[in-house]
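Visitor: Here you go, upload.csv (CSV, C-alpha atoms):
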```csv
chain,number,residue,atom,x,y,z
A,924,GLY,CA,0.0,-17.1,1.9
A,925,ALA,CA,1.3,-14.7,4.6
A,926,VAL,CA,-1.4,-13.1,6.7
A,927,VAL,CA,-1.4,-9.8,8.5
A,928,SER,CA,-4.2,-8.9,10.8
A,929,GLN,CA,-5.3,-5.6,12.3
A,930,HIS,CA,-7.5,-4.9,15.3
A,931,PRO,CA,-9.9,-3.3,15.5
A,932,SER,CA,-11.3,-3.2,12.0
A,933,TRP,CA,-13.2,-0.1,12.8
A,934,VAL,CA,-13.4,2.3,15.8
A,935,ILE,CA,-15.3,5.4,16.7
A,936,CYS,CA,-13.9,7.6,19.4
A,937,LYS,CA,-14.5,11.0,20.9
A,938,SER,CA,-12.2,13.9,20.3
A,939,GLY,CA,-9.4,14.1,22.8
A,940,THR,CA,-9.2,10.4,23.5
A,941,SER,CA,-6.5,7.9,22.4
A,942,VAL,CA,-6.9,4.9,20.2
A,943,LYS,CA,-4.6,1.9,19.8
A,944,ILE,CA,-4.5,-0.1,16.6
A,945,GLU,CA,-2.7,-3.5,16.5
A,946,CYS,CA,-1.0,-5.0,13.6
A,947,ARG,CA,0.1,-8.7,13.7
A,948,SER,CA,1.9,-11.0,11.3
A,949,LEU,CA,0.2,-14.3,11.9
A,950,ASP,CA,2.5,-16.8,10.2
A,951,PHE,CA,5.8,-15.1,9.7
A,952,GLN,CA,8.3,-12.9,11.6
A,953,ALA,CA,8.4,-9.2,10.7
A,954,THR,CA,11.3,-7.2,12.0
A,955,THR,CA,9.9,-4.3,10.0
A,956,MET,CA,6.4,-3.1,9.7
A,957,PHE,CA,4.9,-0.1,8.0
A,958,TRP,CA,2.0,2.2,8.9
A,959,TYR,CA,0.0,3.9,6.2
A,960,ARG,CA,-3.0,6.1,6.1
A,961,GLN,CA,-5.5,6.6,3.3
A,962,PHE,CA,-7.9,9.4,2.9
A,963,PRO,CA,-11.0,8.8,0.6
A,964,LYS,CA,-10.0,8.5,-3.0
A,965,GLN,CA,-6.4,9.2,-2.3
A,966,SER,CA,-3.2,7.2,-2.3
A,967,LEU,CA,-1.8,5.2,0.6
A,968,MET,CA,0.6,7.6,2.4
A,969,LEU,CA,3.5,6.0,4.4
A,970,MET,CA,3.4,7.4,8.0
A,971,ALA,CA,6.2,5.5,9.6
A,972,THR,CA,8.5,2.5,9.5
A,973,SER,CA,8.3,0.4,12.6
A,974,ASN,CA,11.4,-1.6,13.6
A,975,GLU,CA,11.3,-4.3,16.3
A,976,GLY,CA,13.4,-3.3,19.3
A,977,SER,CA,14.1,0.2,18.1
A,978,LYS,CA,12.4,3.5,17.6
A,979,ALA,CA,10.2,4.0,14.6
A,980,THR,CA,11.2,6.2,11.7
A,981,TYR,CA,8.6,8.8,10.8
A,982,GLU,CA,8.0,10.3,7.5
A,983,GLN,CA,8.2,14.1,7.1
A,984,GLY,CA,5.2,15.9,8.4
A,985,VAL,CA,4.0,13.0,10.7
A,986,GLU,CA,4.0,14.0,14.3
A,987,LYS,CA,5.8,11.2,16.3
A,988,ASP,CA,4.3,12.4,19.6
A,989,LYS,CA,0.8,12.1,18.1
A,990,PHE,CA,1.2,8.8,16.4
A,991,LEU,CA,3.0,6.5,18.9
A,992,ILE,CA,4.4,3.3,17.5
A,993,ASN,CA,5.6,0.4,19.5
A,994,HIS,CA,7.1,-2.7,17.9
A,995,ALA,CA,7.5,-4.9,20.9
A,996,SER,CA,7.8,-8.3,19.2
A,997,LEU,CA,8.6,-9.8,15.8
A,998,THR,CA,4.9,-10.3,15.2
A,999,LEU,CA,3.2,-7.2,16.7
A,1000,SER,CA,3.3,-3.5,16.1
A,1001,THR,CA,0.9,-1.0,17.6
A,1002,LEU,CA,-0.1,2.5,16.5
A,1003,THR,CA,-1.6,4.8,19.1
A,1004,VAL,CA,-3.3,7.9,17.9
A,1005,THR,CA,-3.1,10.2,20.9
A,1006,SER,CA,-5.6,13.0,21.6
A,1007,ALA,CA,-7.5,12.2,18.5
A,1008,HIS,CA,-9.2,14.9,16.5
A,1009,PRO,CA,-11.8,14.7,13.7
A,1010,GLU,CA,-9.0,15.4,11.1
A,1011,ASP,CA,-7.4,12.1,12.2
A,1012,SER,CA,-10.3,10.2,10.9
A,1013,SER,CA,-8.9,8.0,8.2
A,1014,PHE,CA,-8.3,4.5,7.1
A,1015,TYR,CA,-5.1,3.2,8.7
A,1016,ILE,CA,-3.3,0.2,7.1
A,1017,CYS,CA,-0.2,-1.6,8.2
A,1018,SER,CA,2.1,-3.9,6.3
A,1019,ALA,CA,4.7,-6.3,7.4
A,1020,ARG,CA,7.8,-7.3,5.7
A,1021,ASP,CA,8.5,-11.0,5.8
A,1022,ASP,CA,12.0,-11.4,7.3
A,1023,SER,CA,12.6,-14.4,5.0
A,1024,GLY,CA,11.6,-12.7,1.9
A,1025,GLY,CA,12.8,-9.8,-0.3
A,1026,PRO,CA,12.9,-6.2,0.9
A,1027,SER,CA,9.8,-5.3,-1.1
A,1028,GLU,CA,7.8,-8.3,-0.1
A,1029,GLN,CA,5.3,-6.8,2.2
A,1030,TYR,CA,1.9,-8.1,3.2
A,1031,PHE,CA,-0.9,-5.7,4.1
A,1032,GLY,CA,-3.4,-5.9,6.8
A,1033,PRO,CA,-7.1,-5.3,6.2
A,1034,GLY,CA,-7.0,-1.8,7.6
A,1035,THR,CA,-8.7,0.0,10.5
A,1036,ARG,CA,-11.3,2.7,9.9
A,1037,LEU,CA,-11.0,5.4,12.5
A,1038,THR,CA,-13.7,7.9,13.0
A,1039,VAL,CA,-13.2,10.7,15.5
A,1040,THR,CA,-16.4,12.5,16.6
B,1262,ASP,CA,5.2,16.0,-4.7
B,1263,GLN,CA,3.5,12.9,-6.2
B,1264,GLN,CA,6.4,10.8,-7.4
B,1265,VAL,CA,4.2,8.0,-8.6
B,1266,LYS,CA,1.2,9.0,-10.7
B,1267,GLN,CA,-1.8,7.2,-12.1
B,1268,ASN,CA,-3.5,9.8,-14.2
B,1269,SER,CA,-6.7,7.8,-14.9
B,1270,PRO,CA,-8.8,7.7,-11.7
B,1271,SER,CA,-11.2,5.3,-13.3
B,1272,LEU,CA,-11.5,2.9,-16.2
B,1273,SER,CA,-14.4,0.8,-17.5
B,1274,VAL,CA,-13.7,-2.3,-19.7
B,1275,GLN,CA,-16.0,-4.9,-21.2
B,1276,GLU,CA,-15.7,-8.4,-19.8
B,1277,GLY,CA,-13.3,-10.5,-21.9
B,1278,ARG,CA,-11.4,-7.5,-23.3
B,1279,ILE,CA,-8.0,-6.2,-22.2
B,1280,SER,CA,-7.7,-3.8,-19.3
B,1281,ILE,CA,-4.6,-1.5,-19.5
B,1282,LEU,CA,-3.7,0.5,-16.4
B,1283,ASN,CA,-1.0,3.1,-16.6
B,1284,CYS,CA,1.5,4.5,-14.1
B,1285,ASP,CA,4.2,7.2,-14.4
B,1286,TYR,CA,7.0,8.0,-12.0
B,1287,THR,CA,9.4,10.8,-11.7
B,1288,ASN,CA,12.1,9.5,-9.3
B,1289,SER,CA,14.9,7.9,-11.4
B,1290,MET,CA,16.1,6.1,-8.3
B,1291,PHE,CA,13.1,3.8,-8.3
B,1292,ASP,CA,14.2,0.3,-9.5
B,1293,TYR,CA,11.4,-2.0,-8.4
B,1294,PHE,CA,7.8,-1.6,-9.2
B,1295,LEU,CA,4.7,-3.4,-7.9
B,1296,TRP,CA,1.0,-3.5,-8.6
B,1297,TYR,CA,-1.6,-4.0,-5.9
B,1298,LYS,CA,-5.3,-4.6,-6.1
B,1299,LYS,CA,-7.5,-3.2,-3.4
B,1300,TYR,CA,-11.2,-3.7,-2.5
B,1301,PRO,CA,-13.0,-1.1,-0.3
B,1302,ALA,CA,-12.3,-1.3,3.4
B,1303,GLU,CA,-9.6,-3.9,2.8
B,1304,GLY,CA,-5.8,-3.8,2.6
B,1305,PRO,CA,-4.0,-4.0,-0.8
B,1306,THR,CA,-3.1,-7.4,-2.1
B,1307,PHE,CA,0.0,-7.9,-4.2
B,1308,LEU,CA,-0.5,-8.7,-7.9
B,1309,ILE,CA,2.7,-8.6,-9.8
B,1310,SER,CA,6.1,-6.9,-9.7
B,1311,ILE,CA,8.9,-6.0,-12.0
B,1312,SER,CA,12.5,-5.1,-11.5
B,1313,SER,CA,14.2,-2.3,-13.5
B,1314,ILE,CA,16.4,-4.9,-15.2
B,1315,LYS,CA,13.4,-6.2,-17.0
B,1316,ASP,CA,10.9,-4.7,-19.4
B,1317,LYS,CA,8.2,-7.3,-19.0
B,1318,ASN,CA,6.9,-9.7,-16.5
B,1319,GLU,CA,4.0,-12.0,-16.9
B,1320,ASP,CA,1.9,-14.0,-14.5
B,1321,GLY,CA,-1.2,-15.6,-15.8
B,1322,ARG,CA,-3.7,-13.0,-17.0
B,1323,PHE,CA,-1.5,-10.2,-15.7
B,1324,THR,CA,1.5,-8.6,-17.5
B,1325,VAL,CA,3.4,-5.6,-16.4
B,1326,PHE,CA,5.5,-3.6,-18.9
B,1327,LEU,CA,8.2,-1.2,-17.9
B,1328,ASN,CA,9.6,1.6,-20.1
B,1329,LYS,CA,12.5,3.1,-18.1
B,1330,SER,CA,13.3,5.8,-20.6
B,1331,ALA,CA,9.7,7.1,-20.4
B,1332,LYS,CA,9.5,6.3,-16.6
B,1333,HIS,CA,6.2,4.5,-17.4
B,1334,LEU,CA,4.8,1.2,-16.5
B,1335,SER,CA,1.5,-0.4,-17.4
B,1336,LEU,CA,-0.5,-3.4,-16.2
B,1337,HIS,CA,-2.4,-5.5,-18.7
B,1338,ILE,CA,-5.2,-7.8,-17.7
B,1339,VAL,CA,-6.5,-10.1,-20.3
B,1340,PRO,CA,-9.1,-11.4,-20.5
B,1341,SER,CA,-10.8,-9.1,-18.0
B,1342,GLN,CA,-13.2,-10.7,-15.6
B,1343,PRO,CA,-15.9,-9.2,-13.3
B,1344,GLY,CA,-13.8,-10.1,-10.2
B,1345,ASP,CA,-11.1,-7.8,-11.5
B,1346,SER,CA,-13.3,-4.8,-10.5
B,1347,ALA,CA,-11.3,-3.0,-7.8
B,1348,VAL,CA,-8.9,-0.2,-7.3
B,1349,TYR,CA,-5.4,-0.8,-8.6
B,1350,PHE,CA,-2.4,0.9,-7.2
B,1351,CYS,CA,1.1,0.9,-8.6
B,1352,ALA,CA,4.0,1.3,-6.2
B,1353,ALA,CA,7.7,1.9,-6.5
B,1354,SER,CA,10.7,1.4,-4.3
B,1355,ALA,CA,14.3,2.5,-4.4
B,1356,PRO,CA,17.5,0.9,-3.2
B,1357,ASN,CA,18.5,3.9,-1.2
B,1358,PHE,CA,15.9,2.9,1.3
B,1359,GLY,CA,16.7,-0.8,1.0
B,1360,ASN,CA,13.8,-1.2,-1.3
B,1361,GLU,CA,11.6,-1.3,1.7
B,1362,LYS,CA,9.7,1.9,1.5
B,1363,LEU,CA,6.9,1.8,-1.0
B,1364,THR,CA,5.6,5.0,-2.7
B,1365,PHE,CA,2.1,4.5,-4.0
B,1366,GLY,CA,0.3,6.0,-6.9
B,1367,THR,CA,-3.2,7.5,-6.4
B,1368,GLY,CA,-5.0,4.5,-7.8
B,1369,THR,CA,-7.2,3.6,-10.7
B,1370,ARG,CA,-10.7,2.3,-10.2
B,1371,LEU,CA,-11.3,-0.5,-12.7
B,1372,THR,CA,-14.8,-1.6,-13.5
B,1373,ILE,CA,-15.4,-4.7,-15.6
B,1374,ILE,CA,-18.8,-4.5,-17.4
B,1375,PRO,CA,-20.4,-8.0,-17.8
```
Please express the file's structure as structure tokens.

Guide:
Amino acid sequence: GAVVSQHPSWVICKSGTSVKIECRSLDFQATTMFWYRQFPKQSLMLMATSNEGSKATYEQGVEKDKFLINHASLTLSTLTVTSAHPEDSSFYICSARDDSGGPSEQYFGPGTRLTVT
Amino acid sequence: DQQVKQNSPSLSVQEGRISILNCDYTNSMFDYFLWYKKYPAEGPTFLISISSIKDKNEDGRFTVFLNKSAKHLSLHIVPSQPGDSAVYFCAASAPNFGNEKLTFGTGTRLTIIP
């Protein structure tokens, strides 16, 4: 099946620093990728839609200057959490839509646990 | 505003019996529904989906039922197995966003008791 990887799987950083998370589709092309975050015992909340070659579309309430998204190729999207603060600590999950599949056919990465101290 | 709701945060079922997970939605624009299974510290994995033109879809031990008038869907797992223990999320999409954006429910933790 289609595989999506994320790197790193977990990261601890100090408050005020920036962290970059990578999302890769390993065996398919993905013009569109999605970034979610999940707080403990809560739902996955869509943060933004990442489109290759164009600007990301952010959901209401998500600061685009804080969560920088770059979708430079058909297999890679990155999320950079800038000037991270403890409240940014969360589980970040990406998904990638297979260009050859249906619109709802998304494959999820394993997630990245971010802890900001 | 939680447009997709899973009102049972947890469910325990004896191995071999039927597990029924429920999901309600409020947005009448949703026309495609999916169920995902998630283990801790992992991404969700797709289980089964259903389009609004159907009221039932079956795949092996998993069956999803959709009641559009009640804006309700359910996932039936039978027989339940210990490996089914996980958190289950329902998700919905709408054509006005190209059916790409998924709205997730809050999840139900299913525990299968051996």

Visitor: Looking at A:Ser977, A:Thr1005, A:Thr940, A:Thr1035, which one is nearest to chain B, with distances taken over all atoms listed in the file?

Guide: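 Residue with the minimum atom-to-atom distance to chain B: A:Thr1035.
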
Visitor: Distance cut-off 7 Å, counting only C-alpha atoms - which residues of chain A neighbour chain B? Return them as a VMD selection string.

Guide: chain A and resid 965 to 967 1016 1026 to 1027 1031 to 1034

Visitor: Select, from A:Glu945, A:Asp950, A:Glu982, A:Asp988, the residue with the minimum atom-to-atom distance to Ala925 (chain A), counting only C-alpha atoms.

Guide: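 Result for the nearest residue to Ala925 (chain A): A:Asp950.
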
Visitor: Taking into account only C-alpha atoms, which residue in the set A:Lys964, A:Arg1036, A:Lys937, A:Arg947 is nearest to Ala995 (chain A)?

Guide: A:Arg947

Visitor: Ranking A:Leu949, A:Leu969, A:Cys1017, A:Cys936 by minimum distance to Thr998 (chain A) and counting only C-alpha atoms, which one comes first?

Guide: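 So, comparing all the options, the nearest one is A:Leu949.
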
Visitor: Choose the residue, out of B:Lys1315, B:Lys1329, B:Val1274, B:Val1339, that has the smallest atom-to-atom separation from Ser1289 (chain B); count all atoms listed in the file.

Guide: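 With all atoms listed in the file as the atom set, the closest residue is B:Lys1329.
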
Visitor: Just the residues within 10 Å of Ile992 (chain A), please, counting only C-alpha atoms, with nothing from its chain fewer than 5 positions along; format it as a list in words.

Guide: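 The residues satisfying every condition are Lys943, Ile944, Glu945, Trp958, Ala971, Thr972, Ser973, Asn974, Lys978, Ala979, Thr980, Tyr981, Lys987, Ser1000, Thr1001, Leu1002, Thr1003 and Val1004 of chain A.
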
Visitor: Point out the residue among B:Ile1314, B:Asp1262, B:Lys1298, B:Phe1323 with the least atom-to-atom distance to Ser1341 (chain B), counting all atoms listed in the file.

Guide: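 When distances to Ser1341 (chain B) are compared using all atoms listed in the file, the smallest one comes from B:Phe1323.
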